[in-house]
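Pasting query_24.csv here (CSV, C-alpha atoms):
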```csv
chain,number,residue,atom,x,y,z
A,263,MET,CA,124.8,117.7,107.2
A,264,ILE,CA,125.8,114.1,106.4
A,265,ARG,CA,126.2,113.2,110.1
A,266,VAL,CA,122.8,114.6,110.9
A,267,LEU,CA,121.3,112.7,107.9
A,268,ALA,CA,122.9,109.4,109.1
A,269,ARG,CA,121.5,109.9,112.6
A,270,SER,CA,118.0,110.6,111.3
A,271,CYS,CA,118.0,107.5,109.0
A,272,CYS,CA,119.2,105.3,111.9
A,273,ALA,CA,116.5,106.7,114.2
A,274,ALA,CA,113.9,106.0,111.6
A,275,LEU,CA,115.0,102.4,111.2
A,276,LEU,CA,115.4,101.8,115.0
A,277,LEU,CA,112.0,103.2,115.9
A,278,ALA,CA,110.2,100.7,113.6
A,279,PRO,CA,111.1,97.1,114.4
A,280,GLY,CA,110.4,94.3,112.0
A,281,PRO,CA,106.9,93.2,113.1
A,282,ALA,CA,105.7,96.8,113.1
A,283,LEU,CA,106.7,97.2,109.4
A,284,ALA,CA,104.4,94.5,108.0
A,285,HIS,CA,102.5,95.6,104.9
A,286,GLY,CA,99.3,97.0,106.1
A,287,GLY,CA,100.6,98.1,109.5
A,288,GLY,CA,99.5,97.0,112.9
A,289,PRO,CA,98.6,98.2,116.4
A,290,ASP,CA,102.2,98.0,117.7
A,291,ARG,CA,103.6,100.3,114.9
A,292,LEU,CA,105.8,103.0,116.6
A,293,LEU,CA,105.9,105.2,113.5
A,294,PRO,CA,102.9,106.2,111.4
A,295,VAL,CA,105.0,105.2,108.3
A,296,ASP,CA,107.4,102.5,107.3
A,297,ALA,CA,111.0,103.2,108.2
A,298,TRP,CA,112.7,102.1,104.9
A,299,PRO,CA,111.0,104.6,102.6
A,300,LEU,CA,111.2,107.3,105.3
A,301,ALA,CA,115.0,106.7,105.6
A,302,ALA,CA,115.4,106.7,101.8
A,303,MET,CA,113.5,110.0,101.4
A,304,LEU,CA,115.5,111.6,104.2
A,305,LEU,CA,118.7,110.5,102.6
A,306,ALA,CA,117.7,111.7,99.1
A,307,GLY,CA,116.4,115.1,100.4
A,308,SER,CA,119.4,115.7,102.6
A,309,LEU,CA,121.8,114.9,99.8
A,310,TYR,CA,120.0,117.3,97.4
A,311,ALA,CA,120.0,120.1,100.0
A,312,SER,CA,123.6,119.5,100.9
A,313,GLY,CA,124.7,119.4,97.2
A,314,LEU,CA,122.7,122.6,96.4
A,315,VAL,CA,124.4,124.4,99.3
A,316,ARG,CA,127.8,123.1,98.3
A,317,CYS,CA,127.3,124.3,94.7
A,318,ARG,CA,126.2,127.7,95.9
A,319,ARG,CA,129.3,128.1,98.0
A,320,ARG,CA,131.6,126.9,95.2
A,321,LEU,CA,130.1,128.9,92.4
A,322,GLY,CA,129.0,131.9,94.4
A,323,ARG,CA,125.5,131.5,92.9
A,324,TRP,CA,122.8,128.9,92.4
A,325,PRO,CA,123.4,126.5,89.6
A,326,LYS,CA,121.9,127.8,86.3
A,327,ALA,CA,120.6,124.3,85.4
A,328,HIS,CA,118.4,124.4,88.6
A,329,SER,CA,115.9,127.2,87.9
A,330,GLY,CA,112.6,127.6,89.8
A,331,PRO,CA,110.7,125.2,87.5
A,332,HIS,CA,113.2,122.4,88.0
A,333,ILE,CA,113.2,122.8,91.8
A,334,ALA,CA,109.4,123.0,91.8
A,335,ALA,CA,109.2,119.8,89.7
A,336,LEU,CA,111.6,118.0,92.1
A,337,GLY,CA,109.6,119.2,95.1
A,338,ALA,CA,106.4,117.9,93.5
A,339,GLY,CA,108.1,114.6,92.8
A,340,PHE,CA,109.1,114.2,96.5
A,341,ALA,CA,105.6,115.2,97.5
A,342,LEU,CA,104.1,112.4,95.3
A,343,LEU,CA,106.6,109.9,96.7
A,344,ALA,CA,105.6,110.9,100.2
A,345,LEU,CA,101.9,110.5,99.2
A,346,ALA,CA,102.6,107.0,97.8
A,347,LEU,CA,104.9,105.7,100.5
A,348,LEU,CA,104.4,107.8,103.7
A,349,SER,CA,100.7,108.3,103.8
A,350,PRO,CA,97.6,106.1,104.5
A,351,LEU,CA,97.7,105.2,100.8
A,352,GLU,CA,100.6,102.8,101.6
A,353,VAL,CA,98.4,101.0,104.2
A,354,TRP,CA,95.3,101.0,102.0
A,355,SER,CA,97.3,99.6,99.0
A,356,GLY,CA,97.5,96.3,100.8
A,357,GLU,CA,93.8,96.0,101.2
A,358,ILE,CA,92.1,98.0,98.4
A,359,LEU,CA,92.9,97.4,94.7
A,360,SER,CA,92.3,101.0,93.6
A,361,ALA,CA,94.7,102.3,96.2
A,362,HIS,CA,97.3,99.7,95.1
A,363,MET,CA,97.0,100.9,91.5
A,364,ILE,CA,97.1,104.6,92.4
A,365,GLN,CA,100.3,103.9,94.4
A,366,HIS,CA,101.9,102.2,91.4
A,367,VAL,CA,100.8,104.9,89.0
A,368,ILE,CA,102.6,107.5,91.2
A,369,LEU,CA,105.7,105.4,91.3
A,370,ILE,CA,105.8,104.6,87.6
A,371,ALA,CA,104.1,107.4,85.7
A,372,LEU,CA,104.0,110.6,87.8
A,373,ALA,CA,107.0,110.9,90.1
A,374,PRO,CA,109.8,109.7,87.8
A,375,PRO,CA,109.3,112.3,85.0
A,376,LEU,CA,109.3,115.0,87.6
A,377,PHE,CA,112.6,113.8,89.0
A,378,VAL,CA,114.0,113.6,85.4
A,379,TYR,CA,112.9,117.2,84.7
A,380,GLY,CA,114.2,118.3,88.2
A,381,ARG,CA,117.8,117.1,87.3
A,382,ALA,CA,118.4,115.9,90.8
A,383,GLU,CA,121.3,113.5,90.3
A,384,PRO,CA,124.2,115.9,89.7
A,385,ILE,CA,123.2,118.0,92.7
A,386,MET,CA,122.7,114.9,94.9
A,387,ALA,CA,126.1,113.6,93.8
A,388,GLY,CA,127.6,116.9,95.0
A,389,GLY,CA,126.1,116.3,98.4
A,390,LEU,CA,128.0,113.0,98.9
A,391,PRO,CA,131.1,112.9,101.2
A,392,GLY,CA,134.4,113.6,99.4
A,393,PRO,CA,135.7,110.1,98.9
A,394,LEU,CA,132.3,108.8,97.5
A,395,ARG,CA,132.0,111.9,95.3
A,396,ARG,CA,135.5,111.3,93.8
A,397,SER,CA,134.7,107.6,93.3
A,398,LEU,CA,131.5,108.6,91.5
A,399,ALA,CA,133.4,110.9,89.2
A,400,ARG,CA,136.3,108.7,88.2
A,401,GLY,CA,136.3,105.4,90.1
A,402,TRP,CA,134.5,102.1,90.0
A,403,LEU,CA,131.1,103.7,90.2
A,404,ARG,CA,131.9,105.6,87.0
A,405,ARG,CA,132.9,102.4,85.3
A,406,ILE,CA,129.7,100.7,86.3
A,407,ALA,CA,127.7,103.7,85.0
A,408,ASP,CA,129.5,103.5,81.7
A,409,GLY,CA,128.8,99.7,81.4
A,410,LEU,CA,125.1,100.3,82.0
A,411,ALA,CA,124.9,103.1,79.4
A,412,PRO,CA,123.7,100.8,76.6
A,413,PHE,CA,120.6,99.9,78.7
A,414,ALA,CA,119.7,103.6,79.1
A,415,THR,CA,118.0,103.8,75.7
A,416,PRO,CA,114.2,103.5,75.2
A,417,MET,CA,113.9,99.9,74.0
A,418,PRO,CA,116.1,98.2,76.6
A,419,ALA,CA,114.8,100.5,79.3
A,420,ALA,CA,111.2,99.7,78.4
A,421,LEU,CA,112.0,96.0,78.5
A,422,ILE,CA,113.7,96.2,81.9
A,423,HIS,CA,110.8,98.2,83.3
A,424,ALA,CA,108.2,95.8,81.9
A,425,ALA,CA,110.2,92.8,83.4
A,426,ALA,CA,110.3,94.5,86.8
A,427,VAL,CA,106.6,95.1,86.8
A,428,TRP,CA,105.8,91.6,85.6
A,429,ILE,CA,108.1,89.8,88.1
A,430,TRP,CA,106.8,91.7,91.1
A,431,HIS,CA,103.2,90.9,90.2
A,432,ALA,CA,103.9,87.2,89.8
A,433,PRO,CA,102.0,85.4,92.7
A,434,LEU,CA,105.2,84.2,94.5
A,435,ALA,CA,106.9,87.6,94.5
A,436,PHE,CA,103.7,89.5,95.2
A,437,ASP,CA,102.9,87.4,98.3
A,438,ALA,CA,106.5,87.5,99.5
A,439,ALA,CA,106.5,91.4,99.2
A,440,ALA,CA,103.3,91.5,101.1
A,441,GLN,CA,104.8,89.7,104.1
A,442,SER,CA,108.3,91.3,104.1
A,443,PRO,CA,108.8,95.1,104.6
A,444,GLY,CA,112.3,94.8,103.0
A,445,LEU,CA,111.0,93.1,99.9
A,446,HIS,CA,108.1,95.4,99.7
A,447,PHE,CA,110.5,98.4,99.8
A,448,LEU,CA,112.7,96.7,97.2
A,449,GLU,CA,109.6,96.2,95.0
A,450,HIS,CA,108.9,100.0,95.1
A,451,VAL,CA,112.6,100.8,94.4
A,452,CYS,CA,112.5,98.5,91.3
A,453,PHE,CA,109.3,100.2,90.0
A,454,PHE,CA,110.6,103.7,90.6
A,455,GLY,CA,114.2,103.0,89.5
A,456,THR,CA,113.3,101.2,86.2
A,457,SER,CA,110.7,103.8,85.4
A,458,LEU,CA,113.2,106.5,86.1
A,459,LEU,CA,115.6,104.8,83.6
A,460,LEU,CA,112.8,104.7,81.0
A,461,TRP,CA,111.7,108.3,81.4
A,462,ARG,CA,115.3,109.5,81.3
A,463,ALA,CA,115.9,107.6,78.0
A,464,LEU,CA,112.7,109.1,76.6
A,465,ALA,CA,113.8,112.6,77.7
A,466,ARG,CA,117.2,112.1,76.0
A,467,CYS,CA,115.4,111.2,72.7
A,468,ALA,CA,113.2,114.3,73.0
A,469,ARG,CA,116.4,116.4,73.2
A,470,ASP,CA,118.4,114.5,70.7
A,471,ALA,CA,116.8,112.9,67.6
A,472,ALA,CA,120.0,110.9,67.0
A,473,ALA,CA,119.3,109.0,70.2
A,474,ILE,CA,116.1,107.5,68.8
A,475,PRO,CA,116.6,103.9,67.8
A,476,GLY,CA,116.3,103.1,64.1
A,477,GLY,CA,112.7,102.4,63.0
A,478,LEU,CA,111.2,104.4,65.8
A,479,ALA,CA,111.9,107.9,64.4
```

Please, can you express the file's structure as structure tokens?
Amino acid sequence: MIRVLARSCCAALLLAPGPALAHGGGPDRLLPVDAWPLAAMLLAGSLYASGLVRCRRRLGRWPKAHSGPHIAALGAGFALLALALLSPLEVWSGEILSAHMIQHVILIALAPPLFVYGRAEPIMAGGLPGPLRRSLARGWLRRIADGLAPFATPMPAALIHAAAVWIWHAPLAFDAAAQSPGLHFLEHVCFFGTSLLLWRALARCARDAAAIPGGLA
């Protein structure tokens, strides 16, 4: 599964050379979509499918934490990301303000809560190769996650997300992202990733009142 995934991602990147990935597209584009988001979604989807199958084999049943509603929410989240990044909306967002705003609403307010409810991370971690999976569980990746834990509360997460949105809409960063497919993809990763951090912190507060910062309860 991992080898097939790697080949698919490499093919997606190789089929779309640099000039064909300019924001807004062009006549020499070999793929109807940008390669970076396509490769990222192939990676995430393949890791989730691989992890789900591995859990099924190990437990002899599907994970209880992944019921039909969670899988449906995750599928809807992937569908929204595909709409935002792999559809004509991505091209229109460089030319039409309303399309640009719809794309950002999807990346910030619609897809992230669906991923949070879908509980994808543990299953995707289970789809990683053995060495990476063990490192995630008890190695340096775990230490990094522990060090970032204080930022996974509503107020710091909200500030981080607001800073990401503000920075990428500053004229210099905005223009640079419009000219560079790599920076444009990084912009979307920042929007989605910081929003995911915020929605996860809010969901934790909804489950545990003790996690709500003083003065906000």

Report task. Select, from A:Leu342, A:Leu390, A:Leu464, A:Val451, the residue with the minimum atom-to-atom distance to Gln365 of chain A, counting only C-alpha atoms. Result -> A:Leu342

Requested in this report: Find, counting only C-alpha atoms, the residue in A:Leu372, A:Met417, A:Ala311, A:Leu434 that gets nearest to Ile385 of chain A.
Outcome: A:Ala311

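Proximity to Ala419 of chain A was assessed for A:Gly330, A:Pro433, A:Gly339, A:Gly455 counting only C-alpha atoms; the smallest distance is recorded for A:Gly455.
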
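In this comparison, which uses all atoms listed in the file, the residue of A:Ala440, A:Val378, A:Ala426, A:Leu445 approaching Arg462 of chain A most closely is A:Val378.
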
**Report entry** Residue with smallest distance to Cys317 of chain A - pool A:His366, A:Ala346, A:Met386, A:Pro416, counting only C-alpha atoms
**Finding:** A:Met386

Report task. Kindly extract all protein, DNA and RNA residues lying within 12 Å of the coordinates (96.4, 103.9, 93.6) given in the file, considering all atoms listed in the file, and supply them as a PyMOL selection string. Result -> chain A and resi 342+345-347+349-372

Report summary line: Across A:Pro384, A:Ala341, A:Ala463, A:Trp298, the smallest distance to Glu449 of chain A, with all atoms listed in the file counted, is shown by A:Trp298

Query raised in the report: atom CA of His423 of chain A and atom CA of His446 of chain A are how many Å apart?
Result: 16.9 Å

**Report entry** Polymer residues at most 10 Å from Gly313 of chain A, only C-alpha atoms, same-chain spacing of 2 or more positions, as a PyMOL selection string
**Finding:** chain A and resi 307-311+315-319+382-391

Report summary line: Pairwise distance, atom CA of Gly380 of chain A with atom CA of Trp430 of chain A, equals 27.8 Å

Requested in this report: May I ask for the distance between atom CA of His431 of chain A and atom CA of Leu336 of chain A, given in Å to one decimal place?
Outcome: 28.4 Å
